[in-house]
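Reading through the structure tokens given below for one structure.
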Amino acid sequence: VPRLLCVGSLIKRKRIDTAIEALARVPKRVTLTIVGEGPEKKTLVSEVAALGLTERVEFVGEVPPSQIANTLSQHDALVLCSCSEGRPNVVLEAMASARVVIATDLPGIVDSIEHNRTGLLFPVGDVETLSANIEKLMKNPCLSAELGNSARTQILNQGLTWESCAERYYQVYEATIKGARCEG
């Protein structure tokens, strides 16, 4: 059963309703897990019920950041429908976990995801293209693995792991401390 995941605050800007509407257009075996809390939860729960998706959508509430990788590993794809984002950490985490990302084609996201190479993109609010992307993955199960593996390779090549980030911070601190000693 293809399992989709949305992670984020349940606020209008995150456009979780787009994922719910797209789910209604794809075969019934696809499910959606929504991680997060916020003022839009009641509206989203009502929409899920109105579309007859109660059996296919699970609201799990907040998940500690330390558990996001584990949550990603239990799903086939991360869906991000935001109408405004910077460079979302959850996208990078999904890519690092070799999970395919289906996301809106916003500037901070297209800097990380290349359509049909390291993930799938769609215009903000475009339910039809999002559902087509989901069906594309369903029709070609190998595509999820290919895109996920390409995304992970890109993360590694760009040095965007926690280890390499920590190493860069260490180098900056070390240089700063040496510089302070020379000035004193």
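As shown in the structure tokens, the chain order sets the letters A, B, ...; within each chain, residues go from 1, and ligands are also counted from 1 in the order they appear.
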Considering only C-alpha atoms, return as number ranges by chain whatever protein or nucleic-acid residues lie within 12 Å of region 41-55 of chain A, sequence-local ones (same chain, fewer than 3 positions apart) excluded. A: 8-12, 14-38, 58-62
Assign secondary structure with DSSP using the backbone only, and return the residues of chain A in alpha helix (DSSP H) as number ranges by chain. A: 16-23, 41-50, 68-73, 89-96, 107-110, 127-139, 141-157, 162-183
Among region 16-134 of chain A, which ones does DSSP place in strand (DSSP E or B), written as a PyMOL selection string? chain A and resi 31-35+57-61+77-80+100-104+115+119-122
Nearest to Ile113 (chain A), chosen from A:Val91, A:Val7, A:Val63, A:Cys142, with only C-alpha atoms counted in the distances: A:Val91
Taking 5 positions as the minimum chain separation for residues in the same chain, which residues sit within 10 Å of region 81-90 of chain A when counting only C-alpha atoms? Answer as an MDAnalysis selection string. chainID A and resid 6:8 11:19 65 68:69 72 95:96 101:112 121:127 130
So which residues touch Arg117 (chain A) within 8 Å, counting only C-alpha atoms, skipping near sequence neighbours fewer than 4 positions away, as an mmCIF file with all heavy atoms, in the first residue's frame?
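Contents of part-v6.cif, as written:
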data_model
loop_
_atom_site.group_PDB
_atom_site.id
_atom_site.type_symbol
_atom_site.label_atom_id
_atom_site.label_comp_id
_atom_site.auth_asym_id
_atom_site.auth_seq_id
_atom_site.Cartn_x
_atom_site.Cartn_y
_atom_site.Cartn_z
ATOM 1 N N ILE A 113 15.533 20.068 -5.298
ATOM 2 C CA ILE A 113 14.905 18.987 -6.063
ATOM 3 C C ILE A 113 14.859 19.322 -7.547
ATOM 4 O O ILE A 113 14.369 20.381 -7.932
ATOM 5 C CB ILE A 113 13.475 18.725 -5.566
ATOM 6 C CG1 ILE A 113 13.506 18.231 -4.122
ATOM 7 C CG2 ILE A 113 12.760 17.706 -6.454
ATOM 8 C CD1 ILE A 113 12.147 18.053 -3.506
ATOM 9 N N LEU A 147 14.308 7.778 -7.681
ATOM 10 C CA LEU A 147 14.311 9.188 -7.285
ATOM 11 C C LEU A 147 14.864 9.351 -5.869
ATOM 12 O O LEU A 147 15.647 10.262 -5.594
ATOM 13 C CB LEU A 147 12.896 9.770 -7.374
ATOM 14 C CG LEU A 147 12.295 9.877 -8.773
ATOM 15 C CD1 LEU A 147 10.834 10.316 -8.695
ATOM 16 C CD2 LEU A 147 13.092 10.814 -9.650
ATOM 17 N N SER A 150 18.641 8.852 -5.942
ATOM 18 C CA SER A 150 19.279 10.024 -6.565
ATOM 19 C C SER A 150 19.288 11.205 -5.599
ATOM 20 O O SER A 150 20.270 11.954 -5.523
ATOM 21 C CB SER A 150 18.551 10.421 -7.847
ATOM 22 O OG SER A 150 18.723 9.451 -8.838
ATOM 23 N N ALA A 151 18.199 11.363 -4.858
ATOM 24 C CA ALA A 151 18.114 12.454 -3.884
ATOM 25 C C ALA A 151 19.152 12.258 -2.783
ATOM 26 O O ALA A 151 19.849 13.198 -2.398
ATOM 27 C CB ALA A 151 16.709 12.517 -3.297
#
I'd like the interatomic distance between CA of Arg3 (chain A) and CA of Ala77 (chain A), to a tenth of an Å. 6.8 Å
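Note that the spacing between CA of Pro141 (chain A) and CA of Arg56 (chain A) amounts to 19.9 Å.
Nearest to Leu143 (chain A) of all the residues A:Ile177, A:Val172, A:Val79, A:Leu120 is A:Leu120, counting only C-alpha atoms.
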